[in-house]
Each structure stands twice: as structure tokens, then as C-alpha cells.
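Chemist: Got data36.txt for you, compact mmCIF, C-alpha atoms and all ligand atoms:
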```txt
# COMPACT_ATOMS: atom_id res chain seq x y z
CA MET A 219 30.31 14.31 1.60
CA GLY A 220 28.18 11.89 -0.42
CA THR A 221 26.64 13.12 -3.63
CA ASP A 222 23.10 14.48 -3.56
CA GLU A 223 21.98 11.11 -5.00
CA GLU A 224 23.70 9.20 -2.19
CA LEU A 225 22.27 11.48 0.47
CA LEU A 226 18.81 11.09 -0.99
CA GLY A 227 19.35 7.32 -0.91
CA ARG A 228 19.95 7.55 2.82
CA ALA A 229 16.89 9.79 3.26
CA LEU A 230 14.80 7.24 1.33
CA ALA A 231 16.00 4.46 3.66
CA LEU A 232 14.97 6.59 6.64
CA ALA A 233 11.54 7.26 5.13
CA ARG A 234 10.99 3.50 4.58
CA ARG A 235 11.41 2.85 8.30
CA ALA A 236 7.78 3.91 8.54
CA TRP A 237 6.70 1.58 5.71
CA GLY A 238 2.90 1.46 5.81
CA ALA A 239 2.70 3.31 9.15
CA THR A 240 2.00 6.91 8.10
CA HIS A 241 -1.40 6.75 6.36
CA PRO A 242 -3.04 8.97 5.30
CA ASN A 243 0.24 10.88 5.33
CA PRO A 244 3.26 10.21 3.10
CA MET A 245 6.50 8.56 4.17
CA VAL A 246 9.25 11.17 4.31
CA GLY A 247 12.91 11.03 5.29
CA ALA A 248 15.24 13.97 5.97
CA LEU A 249 18.80 14.63 7.02
CA ILE A 250 21.03 17.56 7.85
CA VAL A 251 24.56 17.79 6.48
CA GLU A 252 27.26 20.09 7.91
CA ASP A 253 30.76 20.31 6.45
CA GLY A 254 30.25 17.08 4.54
CA GLU A 255 28.96 15.07 7.51
CA ILE A 256 25.44 13.85 8.20
CA VAL A 257 24.78 15.36 11.63
CA ALA A 258 21.08 14.59 12.08
CA GLU A 259 18.42 12.31 10.63
CA GLY A 260 14.67 12.11 10.84
CA TRP A 261 11.62 10.48 9.35
CA HIS A 262 7.89 10.89 9.61
CA ALA A 263 6.84 7.95 11.79
CA ARG A 264 3.04 8.22 11.96
CA ASP A 265 0.03 10.34 11.07
CA GLY A 266 -0.18 13.30 13.43
CA GLY A 267 3.48 13.00 14.41
CA PRO A 268 6.15 15.58 13.56
CA HIS A 269 7.33 15.83 9.97
CA ALA A 270 10.72 14.43 8.98
CA GLU A 271 12.42 17.85 8.68
CA ARG A 272 11.34 18.78 12.21
CA VAL A 273 12.45 15.42 13.57
CA ALA A 274 15.89 15.96 12.01
CA LEU A 275 16.10 19.52 13.43
CA ALA A 276 15.07 18.27 16.88
CA ALA A 277 17.58 15.41 16.67
CA LEU A 278 20.31 17.96 16.02
CA GLY A 279 19.39 19.65 19.28
CA ARG A 280 20.96 23.00 18.33
CA PRO A 281 20.65 25.38 15.38
CA PRO A 282 22.30 24.04 12.21
CA ARG A 283 25.68 25.56 11.47
CA ALA A 284 25.80 28.30 8.84
CA GLY A 285 25.97 26.73 5.39
CA ALA A 286 24.22 23.47 6.36
CA THR A 287 22.25 21.42 3.84
CA MET A 288 18.85 19.86 4.46
CA VAL A 289 18.11 16.79 2.33
CA VAL A 290 14.48 15.65 2.14
CA THR A 291 12.61 13.07 0.05
CA LEU A 292 9.50 15.25 -0.39
CA GLU A 293 9.16 18.99 -0.91
CA PRO A 294 8.82 20.61 2.54
CA CYS A 295 5.27 21.77 3.26
CA SER A 296 4.61 25.46 3.00
CA THR A 297 1.24 25.54 4.73
CA ALA A 298 0.67 24.92 8.40
CA GLY A 299 -1.35 21.74 9.02
CA ARG A 300 -1.53 20.21 12.47
CA THR A 301 2.22 20.49 12.92
CA GLY A 302 3.12 23.84 11.31
CA ALA A 303 4.84 24.47 7.98
CA CYS A 304 8.21 22.75 7.61
CA CYS A 305 9.53 25.58 5.42
CA ASP A 306 9.04 27.94 8.38
CA ALA A 307 10.75 25.48 10.71
CA ILE A 308 13.78 25.26 8.40
CA LEU A 309 14.00 29.05 8.04
CA ARG A 310 13.47 29.69 11.75
CA ALA A 311 16.16 27.22 12.71
CA GLY A 312 18.67 29.28 10.70
CA GLY A 313 21.93 28.00 9.30
CA VAL A 314 20.49 25.95 6.42
CA ALA A 315 21.77 27.44 3.18
CA ARG A 316 20.74 24.71 0.77
CA VAL A 317 17.86 22.26 0.49
CA VAL A 318 17.98 19.14 -1.69
CA ILE A 319 14.54 17.76 -2.54
CA GLY A 320 13.49 14.42 -4.06
CA ALA A 321 9.84 14.61 -5.16
CA THR A 322 7.73 17.74 -5.47
CA ASP A 323 4.48 17.92 -3.52
CA PRO A 324 1.97 15.81 -5.53
CA ASN A 325 -0.91 18.04 -4.46
CA PRO A 326 -1.34 20.46 -7.40
CA ALA A 327 -2.52 23.16 -4.97
CA HIS A 328 0.83 23.02 -3.13
CA ALA A 329 3.35 21.77 -5.71
CA GLY A 330 6.35 24.08 -5.94
CA ARG A 331 5.18 26.39 -3.16
CA GLY A 332 7.68 25.04 -0.65
CA VAL A 333 10.49 25.50 -3.19
CA ASP A 334 9.33 29.09 -3.84
CA VAL A 335 9.19 29.92 -0.12
CA LEU A 336 12.71 28.58 0.47
CA ARG A 337 14.17 30.33 -2.60
CA ALA A 338 12.44 33.60 -1.72
CA ALA A 339 14.24 33.42 1.65
CA GLY A 340 17.57 33.17 -0.16
CA LEU A 341 18.21 29.41 0.18
CA ALA A 342 19.66 27.42 -2.73
CA VAL A 343 17.22 24.66 -3.66
CA THR A 344 17.97 21.61 -5.80
CA THR A 345 14.91 19.62 -6.86
CA GLY A 346 14.26 16.35 -8.67
CA VAL A 347 17.07 14.27 -7.15
CA ARG A 348 15.97 10.59 -7.34
CA ALA A 349 12.55 12.08 -7.96
CA GLU A 350 11.02 8.95 -9.42
CA GLU A 351 11.99 6.77 -6.44
CA CYS A 352 10.89 9.46 -4.01
CA ALA A 353 7.51 9.75 -5.73
CA GLU A 354 7.08 5.98 -5.97
CA LEU A 355 7.61 5.67 -2.25
CA ASN A 356 4.22 7.32 -1.82
CA LEU A 357 2.06 5.55 -4.42
CA ILE A 358 -0.89 5.55 -2.04
CA PHE A 359 -0.56 9.09 -0.69
CA ASN A 360 -0.02 10.59 -4.16
CA HIS A 361 -3.24 9.03 -5.41
CA TRP A 362 -5.27 9.86 -2.29
CA ILE A 363 -4.21 13.51 -2.15
CA THR A 364 -4.96 14.12 -5.82
CA THR A 365 -8.24 12.15 -6.16
CA GLY A 366 -9.69 11.76 -2.66
CA ARG A 367 -10.18 8.07 -3.49
CA PRO A 368 -8.41 4.98 -2.15
CA PHE A 369 -5.57 3.62 -4.28
CA ILE A 370 -6.80 0.20 -5.42
CA ALA A 371 -4.12 -2.26 -6.45
CA GLY A 372 -4.69 -5.80 -7.69
CA LYS A 373 -2.26 -8.62 -7.02
CA ILE A 374 -2.27 -11.88 -8.89
CA ALA A 375 0.12 -14.81 -9.07
CA THR A 376 0.02 -16.86 -12.23
CA THR A 377 1.78 -19.57 -14.14
CA ARG A 378 4.08 -18.46 -16.94
CA ASP A 379 1.14 -18.65 -19.33
CA GLY A 380 -1.09 -16.51 -17.07
CA PHE A 381 -3.31 -18.96 -15.13
CA SER A 382 -4.17 -17.99 -11.56
CA ARG A 383 -6.55 -20.69 -10.31
CA PRO A 384 -5.09 -24.12 -9.64
CA PRO A 385 -7.30 -27.19 -10.04
CA GLN A 386 -8.81 -28.73 -6.89
CA GLY A 387 -6.24 -30.65 -4.91
CA ALA A 388 -3.22 -29.12 -6.67
CA ASP A 389 -0.47 -27.33 -4.74
CA ARG A 390 -2.01 -23.91 -3.95
CA TRP A 391 1.31 -22.07 -4.11
CA ILE A 392 2.03 -20.84 -7.61
CA THR A 393 5.08 -18.75 -6.77
CA GLY A 394 8.10 -19.41 -4.54
CA ALA A 395 9.02 -18.20 -1.06
CA ALA A 396 10.75 -14.99 -2.20
CA ALA A 397 7.70 -13.82 -4.16
CA ARG A 398 5.42 -14.65 -1.24
CA GLU A 399 7.65 -12.65 1.07
CA ASP A 400 7.39 -9.74 -1.36
CA VAL A 401 3.59 -10.00 -1.18
CA HIS A 402 3.84 -9.54 2.60
CA TYR A 403 6.06 -6.51 2.06
CA TRP A 404 3.36 -4.90 -0.10
CA ARG A 405 0.59 -6.05 2.27
CA ARG A 406 2.33 -4.03 4.97
CA LEU A 407 2.23 -0.91 2.85
CA PHE A 408 -1.52 -1.01 2.29
CA PRO A 409 -3.98 -0.07 5.04
CA ALA A 410 -6.32 -2.81 3.75
CA ILE A 411 -6.29 -6.20 2.00
CA ALA A 412 -9.32 -7.55 0.13
CA VAL A 413 -10.29 -11.01 -1.13
CA GLY A 414 -13.37 -12.62 -2.65
CA ALA A 415 -15.58 -15.19 -0.95
CA GLY A 416 -14.12 -17.91 -3.21
CA THR A 417 -10.63 -17.38 -1.80
CA VAL A 418 -11.92 -17.41 1.78
CA ARG A 419 -13.73 -20.68 1.07
CA SER A 420 -10.84 -22.42 -0.66
CA ASP A 421 -7.80 -21.08 1.22
CA ASN A 422 -9.15 -19.82 4.58
CA PRO A 423 -6.36 -17.17 4.55
CA ALA A 424 -5.17 -15.27 7.65
CA LEU A 425 -4.68 -12.03 5.64
CA THR A 426 -2.25 -10.77 8.27
CA ARG A 427 1.15 -9.25 7.47
CA ARG A 428 4.16 -11.29 8.47
CA TRP A 429 7.74 -10.19 8.13
CA ARG A 430 11.21 -10.67 9.50
CA GLU A 431 13.02 -7.76 11.19
CA ALA A 432 16.70 -7.09 10.52
CA ASP A 433 17.52 -8.89 13.79
CA GLY A 434 15.67 -12.02 12.61
CA THR A 435 12.54 -11.57 14.77
CA VAL A 436 9.38 -12.58 12.92
CA ARG A 437 6.52 -10.14 13.36
CA GLU A 438 2.86 -10.23 12.50
CA ASP A 439 0.19 -7.55 12.49
CA CYS A 440 -3.10 -6.92 10.82
CA GLY A 441 -4.57 -4.05 8.81
CA TRP A 442 -8.15 -3.89 7.57
CA ARG A 443 -9.28 -7.14 5.92
CA PHE A 444 -12.14 -6.99 3.40
CA VAL A 445 -14.08 -10.07 2.31
CA PHE A 446 -16.37 -9.53 -0.70
CA ASP A 447 -19.34 -11.82 -0.20
CA ALA A 448 -22.67 -10.70 -1.70
CA THR A 449 -24.83 -13.25 0.14
CA LEU A 450 -22.71 -13.87 3.28
CA ALA A 451 -22.42 -17.54 2.33
CA THR A 452 -18.99 -17.59 4.03
CA ALA A 453 -20.74 -16.96 7.38
CA ALA A 454 -23.74 -19.22 6.81
CA GLY A 455 -22.49 -22.16 8.88
CA ALA A 456 -22.02 -22.53 12.62
CA GLU A 457 -19.52 -20.12 14.18
CA ALA A 458 -17.24 -23.07 14.98
CA ASN A 459 -16.80 -23.59 11.22
CA TRP A 460 -16.30 -19.94 10.31
CA PRO A 461 -13.23 -18.90 8.36
CA ARG A 462 -10.41 -17.60 10.54
CA VAL A 463 -10.86 -13.95 9.46
CA TYR A 464 -14.21 -13.98 11.35
CA ALA A 465 -12.87 -15.73 14.41
CA ASP A 466 -9.20 -14.93 15.08
CA ALA A 467 -7.68 -12.34 17.42
CA TRP A 468 -8.01 -9.66 14.71
CA LYS A 469 -11.64 -10.31 13.77
CA GLN A 470 -12.48 -6.66 14.57
CA ARG A 471 -10.22 -5.74 11.65
CA THR A 472 -12.42 -7.71 9.21
CA ILE A 473 -15.08 -5.91 7.17
CA VAL A 474 -17.38 -8.06 5.06
CA VAL A 475 -18.56 -6.23 1.95
CA THR A 476 -22.01 -7.52 1.12
CA SER A 477 -25.14 -6.67 -0.85
CA ALA A 478 -28.89 -6.34 -0.55
CA ALA A 479 -28.97 -10.14 -1.02
CA ALA A 480 -27.11 -10.73 2.29
CA ASP A 481 -28.43 -13.45 4.58
CA ALA A 482 -29.94 -11.49 7.49
CA SER A 483 -29.10 -14.04 10.16
CA ALA A 484 -25.47 -14.38 9.03
CA LEU A 485 -25.19 -10.58 9.05
CA ALA A 486 -26.51 -10.33 12.60
CA ARG A 487 -24.23 -13.11 13.83
CA LEU A 488 -21.17 -11.52 12.24
CA GLU A 489 -21.90 -8.18 13.87
CA THR A 490 -22.51 -9.84 17.23
CA ALA A 491 -19.11 -11.51 16.89
CA GLY A 492 -17.50 -8.09 16.33
CA VAL A 493 -16.97 -8.43 12.58
CA ARG A 494 -18.01 -5.33 10.66
CA VAL A 495 -20.33 -5.57 7.66
CA TRP A 496 -20.76 -3.01 4.88
CA LYS A 497 -24.13 -3.64 3.28
CA MET A 498 -24.27 -2.06 -0.15
CA GLU A 499 -26.83 -2.33 -2.96
CA THR A 500 -24.38 -4.49 -4.94
CA THR A 501 -20.77 -5.59 -4.48
CA ARG A 502 -20.15 -5.81 -8.23
CA GLY A 503 -19.55 -3.68 -11.29
CA VAL A 504 -19.10 0.06 -11.58
CA ALA A 505 -21.76 0.79 -8.95
CA GLY A 506 -20.33 -1.68 -6.44
CA TRP A 507 -16.76 -0.44 -6.75
CA ALA A 508 -17.83 3.21 -6.67
CA GLU A 509 -19.67 2.69 -3.40
CA PHE A 510 -16.81 0.65 -1.95
CA SER A 511 -14.40 3.43 -2.87
CA ARG A 512 -16.66 6.08 -1.27
CA ARG A 513 -16.97 4.09 1.93
CA CYS A 514 -13.22 3.57 2.15
CA ALA A 515 -12.67 7.30 1.62
CA ALA A 516 -15.19 8.12 4.37
CA GLU A 517 -13.15 5.98 6.79
CA ARG A 518 -9.84 7.34 5.48
CA ILE A 519 -8.80 3.89 4.23
CA THR A 520 -6.45 5.27 1.59
CA GLY A 521 -5.31 2.09 -0.15
CA VAL A 522 -6.63 -1.41 -0.76
CA TYR A 523 -4.56 -4.39 -1.91
CA LEU A 524 -6.88 -6.77 -3.76
CA GLU A 525 -5.30 -10.16 -3.34
CA GLY A 526 -7.71 -12.18 -5.44
CA GLY A 527 -9.04 -14.43 -6.46
CA PHE A 528 -9.49 -14.17 -10.12
CA GLU A 529 -13.21 -13.45 -10.10
CA LEU A 530 -12.87 -10.45 -7.76
CA LEU A 531 -9.96 -9.03 -9.74
CA ALA A 532 -11.72 -9.60 -13.05
CA ASP A 533 -14.78 -7.72 -11.82
CA ALA A 534 -12.65 -4.83 -10.51
CA ALA A 535 -10.73 -4.69 -13.80
CA ARG A 536 -13.92 -4.71 -15.89
CA ALA A 537 -15.37 -1.91 -13.74
CA GLY A 538 -12.20 0.17 -14.28
CA ALA A 539 -11.61 0.13 -10.53
CA LEU A 540 -7.96 -0.97 -10.52
CA ASP A 541 -5.36 1.79 -10.27
CA TYR A 542 -2.32 -0.46 -10.11
CA GLY A 543 -1.32 -4.09 -10.58
CA PHE A 544 1.20 -6.54 -9.11
CA TRP A 545 1.53 -9.58 -11.37
CA TYR A 546 3.82 -12.35 -10.09
CA ARG A 547 4.64 -14.78 -12.87
CA SER A 548 6.16 -18.14 -12.06
CA PRO A 549 8.25 -20.10 -14.60
CA ARG A 550 5.86 -23.02 -14.13
CA GLU A 551 3.43 -23.90 -16.97
CA SER A 552 -0.27 -24.56 -16.43
CA ALA A 553 -1.81 -27.96 -17.10
CA ALA A 554 -5.30 -29.33 -17.49
CA GLY A 555 -7.75 -27.91 -14.97
CA TRP A 556 -6.11 -24.53 -14.42
CA GLY A 557 -8.40 -21.49 -14.74
CA GLY A 558 -8.53 -17.73 -14.22
CA ARG A 559 -6.28 -16.56 -17.04
CA VAL A 560 -5.07 -12.96 -16.81
CA GLU A 561 -3.26 -10.80 -19.29
CA TRP A 562 -2.70 -7.44 -17.69
CA MET A 563 -1.54 -4.46 -19.74
CA PHE A 564 0.04 -1.62 -17.78
CA ALA A 565 -0.37 1.94 -19.00
CA SER A 566 2.56 3.60 -17.18
CA GLY A 567 5.19 3.26 -14.49
CA PHE A 568 5.93 -0.29 -15.67
CA ARG A 569 8.61 -2.20 -13.69
CA THR A 570 9.88 -5.74 -13.59
CA GLU A 571 11.60 -7.32 -10.59
CA ARG A 572 12.89 -10.79 -9.92
CA HIS A 573 11.98 -12.56 -6.69
CA GLY A 574 13.68 -15.94 -6.60
CA GLU A 575 12.66 -17.75 -9.73
CA ASP A 576 9.52 -15.63 -10.16
CA GLU A 577 9.08 -12.35 -11.96
CA LEU A 578 7.01 -9.41 -10.73
CA LEU A 579 5.49 -7.13 -13.34
CA ARG A 580 3.92 -4.04 -11.84
CA GLY A 581 2.57 -0.71 -12.99
CA PHE A 582 -0.38 1.65 -13.30
CA PHE A 583 -3.55 0.83 -15.18
CA ASP A 584 -5.30 3.35 -17.31
CA ARG A 585 -8.18 4.02 -14.96
CA ARG A 586 -11.47 4.99 -16.48
N1 LIG B 601 -3.23 -16.76 -8.05
C1 LIG B 601 -3.52 -15.90 -7.12
O1 LIG B 601 -2.86 -14.87 -6.93
C2 LIG B 601 -4.68 -16.18 -6.23
C3 LIG B 601 -5.06 -15.24 -5.25
C4 LIG B 601 -6.14 -15.54 -4.45
C5 LIG B 601 -6.83 -16.71 -4.66
N2 LIG B 601 -6.41 -17.59 -5.61
C6 LIG B 601 -7.14 -18.85 -5.87
O2 LIG B 601 -8.30 -18.49 -6.58
C7 LIG B 601 -9.36 -19.34 -6.20
C8 LIG B 601 -10.52 -18.50 -5.73
O3 LIG B 601 -10.77 -17.52 -6.71
P1 LIG B 601 -12.18 -17.35 -7.35
O4 LIG B 601 -12.01 -16.56 -8.59
O5 LIG B 601 -12.85 -18.67 -7.40
O6 LIG B 601 -12.96 -16.56 -6.23
P2 LIG B 601 -12.76 -15.09 -5.57
O7 LIG B 601 -12.49 -14.07 -6.60
O8 LIG B 601 -11.88 -15.18 -4.40
O9 LIG B 601 -14.21 -14.90 -5.01
C9 LIG B 601 -15.27 -14.83 -5.90
C10 LIG B 601 -16.56 -14.73 -5.13
O10 LIG B 601 -16.57 -13.50 -4.42
C11 LIG B 601 -17.88 -12.98 -4.38
N3 LIG B 601 -17.90 -11.57 -4.80
C12 LIG B 601 -18.45 -10.54 -4.14
N4 LIG B 601 -18.26 -9.40 -4.77
C13 LIG B 601 -17.60 -9.70 -5.90
C14 LIG B 601 -17.13 -8.92 -6.96
N5 LIG B 601 -17.24 -7.59 -6.99
N6 LIG B 601 -16.52 -9.56 -7.96
C15 LIG B 601 -16.34 -10.89 -7.93
N7 LIG B 601 -16.74 -11.66 -6.93
C16 LIG B 601 -17.37 -11.07 -5.93
C17 LIG B 601 -18.68 -13.81 -5.34
O11 LIG B 601 -19.58 -14.56 -4.58
P3 LIG B 601 -20.99 -13.89 -4.25
O12 LIG B 601 -21.58 -13.50 -5.55
O13 LIG B 601 -21.70 -14.96 -3.52
O14 LIG B 601 -20.67 -12.73 -3.40
C18 LIG B 601 -17.73 -14.72 -6.04
O15 LIG B 601 -18.22 -16.01 -6.22
C19 LIG B 601 -8.80 -20.24 -5.15
O16 LIG B 601 -8.40 -21.44 -5.78
C20 LIG B 601 -7.61 -19.51 -4.64
O17 LIG B 601 -6.62 -20.38 -4.14
C21 LIG B 601 -5.38 -17.34 -6.41
```
Could I get this structure in the form of C-alpha cells?
Ligand SMILES: NC(=O)c1ccc[n+]([C@@H]2O[C@H](COP(=O)([O-])OP(=O)(O)OC[C@H]3O[C@@H](n4cnc5c(N)ncnc54)[C@H](OP(=O)(O)O)[C@@H]3O)[C@@H](O)[C@H]2O)c1
Modeler:
Amino acid sequence: MGTDEELLGRALALARRAWGATHPNPMVGALIVEDGEIVAEGWHARDGGPHAERVALAALGRPPRAGATMVVTLEPCSTAGRTGACCDAILRAGGVARVVIGATDPNPAHAGRGVDVLRAAGLAVTTGVRAEECAELNLIFNHWITTGRPFIAGKIATTRDGFSRPPQGADRWITGAAAREDVHYWRRLFPAIAVGAGTVRSDNPALTRRWREADGTVREDCGWRFVFDATLATAAGAEANWPRVYADAWKQRTIVVTSAAADASALARLETAGVRVWKMETTRGVAGWAEFSRRCAAERITGVYLEGGFELLADAARAGALDYGFWYRSPRESAAGWGGRVEWMFASGFRTERHGEDELLRGFFDRR
């Protein structure tokens, strides 16, 4: 049999099959081991669907053999939600003598309760195996379940010396293909992407998620797309000249975040076209971000990936609204005309990764 670490590695890979698809629930992977062999696997595929432990038990199709081990990335739930408590399911199935758990339940009201229930029933329980990876898998869920607020992460790509805004006419790509592919990987995790009006004007981005499957097929889908535009200047012109996020096949997935200063005719035309508009008092500062966060929570949008540009990120950072940051740094130096200099300091969970010739620095901010 593999070690507990190896088995948890497999369970993590199973959990990631539902990358970005389980919100507001966590991603979870589980497997059942009998006499050293993995005999069943499962993962939580979508909100409202069966939990990973139950999927693994169902996949087995018979009661586990006496002495079996259940391996699961997240502490099994001890309270019955829509799908019943997984601890009960494990105990009722019989046979399982040991449970190996990655991360404990991040919800302080539940943490450790599943472990207690299983131990009280006489099962051996090992906790904390690859706990950090298992917890990191659910950055968004962990934040949402403990605060009731969306997890707001900023992403910025800069030159080596920290500049994010290229001069007019310069090549708009700061980082290479591998880093850009990584951005799409993280876009897929988040239920929503947000950009400022300046980025819509200069780049006319699609803000969809594009990725390649293991078999080489290229796929594209679209989560929520937020455009922060206080006056609705991005929708002022004729519809024929609108940016693609107001006109493409996914325009119903676009929400324009605007203010009391919004142009009334642009607002009406956007709504007629099927684009949603959130009119707030202001889109800026502490008040703007607090209202944005409340509105996201009301719609169960549990995570937002702020893709830029600099002005939007700077305002979010100043307002203390950023929970997490992804900073891609290219080896290229800035030159005359570059703007938007960032120097992010992470408070915890700091990681560095290499993507091609670029470096990703990521971690949690100290949120006020
Ligand atoms: N390096 C990167 O990772 C990256 C990422 C994206 C874009 N870019 C580049 O950055 C440039 C655009 O960035 P930018 O800084 O000029 O513009 P931006 O941040 O995309 O948009 C700024 C505009 O958004 C509106 N806005 C609404 N609410 C806001 C808020 N809370 N905070 C800030 N702005 C708010 C403002 O216009 P109103 O006041 O009219 O609403 C403001 O002028 C482009 O060159 C683009 O290619 C770089």
C-alpha cells in the first residue's frame, strides 16, 4: 500500500477534478483502501451533489471489507446538510476501521467534530496528513465559511522592477505563455473575474476561461465577469462599438459595477441587452468594496479574481479589500513610459512558483 502521504496525494488529485466547479462547497477527494489496494475513489463534483466519501462508498458497490481505510482530503462532516452526515455514512457502511484525514473542517463550529464522532465509534483516525495542501485546495471555501464574505484575490503581472502598465503601443503581454496559462488555471477556480473600465477600454478582454484538457481538447467557459465603471463610459457608444463582454455569447454573465454617477441611458441599454448592472453609491474605497462584497455574498459569489488594471487593484488594496495576491513577475525590465508600479507584501502563506521564465509570488494579505 502507498503511504498515507501518497494516498492523500491521490485523493487531492481526485478532488482537483472538480477545480472551480463546487462553489460554494469545497473540493474534496476520497478513496477506500482494502488490504493495501485502492478499491474505490470519489470526489465531490458539484454543489448539491453527493460528498466525496459517499461517492467512494457508492463506487465500491458493497460494504467495505473489515479493516478498510478511508482516506479523505477534508474532515468528514458530522452534521447532516442536504446530503446527510458523511461520518454516519462511513459508520453505517461498516468495515472501515481507520480514517486518514488531510485538513480539518475550517468552520470553527464544526472543526474536530467529525474526528470525535469517528473516534467515539472506535475507528482509528489519523489527521493532518498533507494538511497544508489539503487546506490550500479550498482557499475560497475556507474564507467564505469563516467570514461569510467573498474571497477577493488580486492578480497583477509586472516587469522585474514592478511596473504593470505598458506604454501606449507597446506589447501588452508582460509575461510569457506559461504564466498566462496559469492565470487561466486560477480564473477557472474563481466564480468571478473583475476588471476596471481602463482595462476594458485598452484591452477589450474576453474574460473567459480557456484551458487544454489532458487529451489536448481546448475548452472555454465563462464565470461571472465584473466590470468596474463608475459612469458607464464603457457603454456610452453605439452597441456596435461595445466591448465584447457586453456583446458576446456570455454577455448575461457580465455584471457592470457602477455608481450614482452612472449614465442613465447607458444603464438602460445595457440592461436591455441582457447585461446586469449593480448600481451602488460608489464603486471606490472602503464603502464601495464593502457594498460590492455584500452584494456578492447575497448572490453566493464566493470568490472574485481581480485581474486589474493597476488603478482597480490599487483602490482595492488601499481599502483593505484584498485577501490574497497573485503577482507574476517577468524578468523583463521596464523602460520609459511604463506605469502602475506595485510592491506587494504578503502577510502569510507566501509561495513562489516558476512558470516558464516568469515567477509567481502569491500569498495572503493582512486584511483590515
Ligand atoms: N499588468 C497586468 O496584470 C494588467 C492587468 C490588467 C490590465 N493591465 C493594463 O493596465 C491598463 C489599464 O489599467 P488602468 O489602471 O489604467 O485601469 P483599470 O484599473 O483597468 O480601470 C480603472 C478605471 O476603472 C474605473 N473604476 C471603477 N471603480 C473603480 C475602483 N474601485 N478603483 C479604481 N478604478 C475604478 C475607473 O473609472 P471610473 O471612475 O470612470 O469608473 C478607472 O478609471 C491597460 O494598459 C491594461 O493593459 C495590466
Chemist: Set the cut-off to 8 Å, count all atoms listed in the file, and list whatever residues fall near ligand LIG 601 (chain B) as a PyMOL selection string.
Modeler: chain A and resi 373-376+381-386+390+392+413-421+445-451+475-477+500-503+506-507+525-534+546+558
Chemist: Mind running range 283-399 of chain A against range 560-577 of chain A at 6 Å and telling me each contacting residue's nearest atom pair with the distance in Å (one decimal), counting only C-alpha atoms, chain and number ascending, as CSV?
Modeler:
```
residue,atom,partner,partner_atom,distance
A:Gly380,CA,A:Val560,CA,5.3
A:Ala396,CA,A:His573,CA,5.3
A:Ala397,CA,A:His573,CA,5.1
```
Chemist: Would you list the contacts of Ala315 in chain A as JSON, numbers by chain, taking every protein, DNA or RNA residue within 10 Å and counting all atoms listed in the file, but skipping same-chain residues closer than 4 positions in sequence?
Modeler: {"A": [282, 283, 284, 285, 286, 287, 288, 308, 309, 336, 337, 339, 340, 341, 342, 343]}
Chemist: Report, in Å with one decimal, the straight-line distance from CA of Leu275 in chain A to CA of Leu357 in chain A.
Modeler: 26.7 Å
Chemist: Could you tell me how far CA of Arg235 in chain A sits from CA of Ala263 in chain A, in Å to one decimal place?
Modeler: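 Rounded to one decimal, the two atoms are 7.7 Å apart.
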Chemist: Measuring between all atoms listed in the file, which one of A:Ile250, A:Ala349, A:Ala553, A:Ala454 shows the shortest distance to Arg272 in chain A?
Modeler: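 Result for the nearest residue to Arg272 in chain A: A:Ile250.
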Chemist: Given only C-alpha atoms as the basis, pick out the residue of A:Glu293, A:Asp400, A:Glu509, A:Asp481 nearest to Leu578 in chain A.
Modeler: A:Asp400
Chemist: Using Å and a single decimal, report how far CA of Ala233 in chain A sits from CA of Val246 in chain A.
Modeler: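 Value for the CA of Val246 in chain A-CA of Ala233 in chain A distance: 4.6 Å.
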Chemist: Rank A:Leu226, A:Ala467, A:Leu485, A:Ser511 by their smallest atom-to-atom distance to Glu350 in chain A, using only C-alpha atoms, and report the top residue only.
Modeler: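 Closest to Glu350 in chain A, using only C-alpha atoms: A:Leu226.
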Chemist: Hey, which of A:Arg234, A:Arg331, A:Arg494, A:Arg585 ends up closest to Gln470 in chain A? Count only C-alpha atoms.
Modeler: A:Arg494
Chemist: Skip Trp460 in chain A itself and residues of its chain fewer than 5 positions away, then list as a ChimeraX atom specification all residues within 10 Å of it, counting only C-alpha atoms.
Modeler: /A:418-419,422,452-455,465-466,488
Chemist: For Ala307 in chain A, which of A:Ala456, A:Val335, A:Leu355, A:Leu225 is the closest residue, counting only C-alpha atoms?
Modeler: A:Val335
Chemist: Could you pull the residues within 12 Å of Arg518 in chain A, counting all atoms listed in the file, minus those fewer than 6 positions along the same chain, as a compact mmCIF listing (two decimals) with C-alpha atoms, in the frame of the given file?
Modeler:
```txt
# COMPACT_ATOMS: atom_id res chain seq x y z
CA HIS A 241 -1.40 6.75 6.36
CA PRO A 242 -3.04 8.97 5.30
CA ASN A 243 0.24 10.88 5.33
CA ASP A 265 0.03 10.34 11.07
CA ILE A 358 -0.89 5.55 -2.04
CA PHE A 359 -0.56 9.09 -0.69
CA TRP A 362 -5.27 9.86 -2.29
CA ILE A 363 -4.21 13.51 -2.15
CA GLY A 366 -9.69 11.76 -2.66
CA ARG A 367 -10.18 8.07 -3.49
CA PRO A 368 -8.41 4.98 -2.15
CA PHE A 369 -5.57 3.62 -4.28
CA PRO A 409 -3.98 -0.07 5.04
CA ALA A 410 -6.32 -2.81 3.75
CA TRP A 442 -8.15 -3.89 7.57
CA SER A 511 -14.40 3.43 -2.87
CA ARG A 512 -16.66 6.08 -1.27
```
Chemist: Which of these residues is nearest to Gly441 in chain A, using only C-alpha atoms: A:Val318, A:Val522, A:Ala516, A:Ala395?
Modeler: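 For Gly441 in chain A, the nearest of the given residues is A:Val522.
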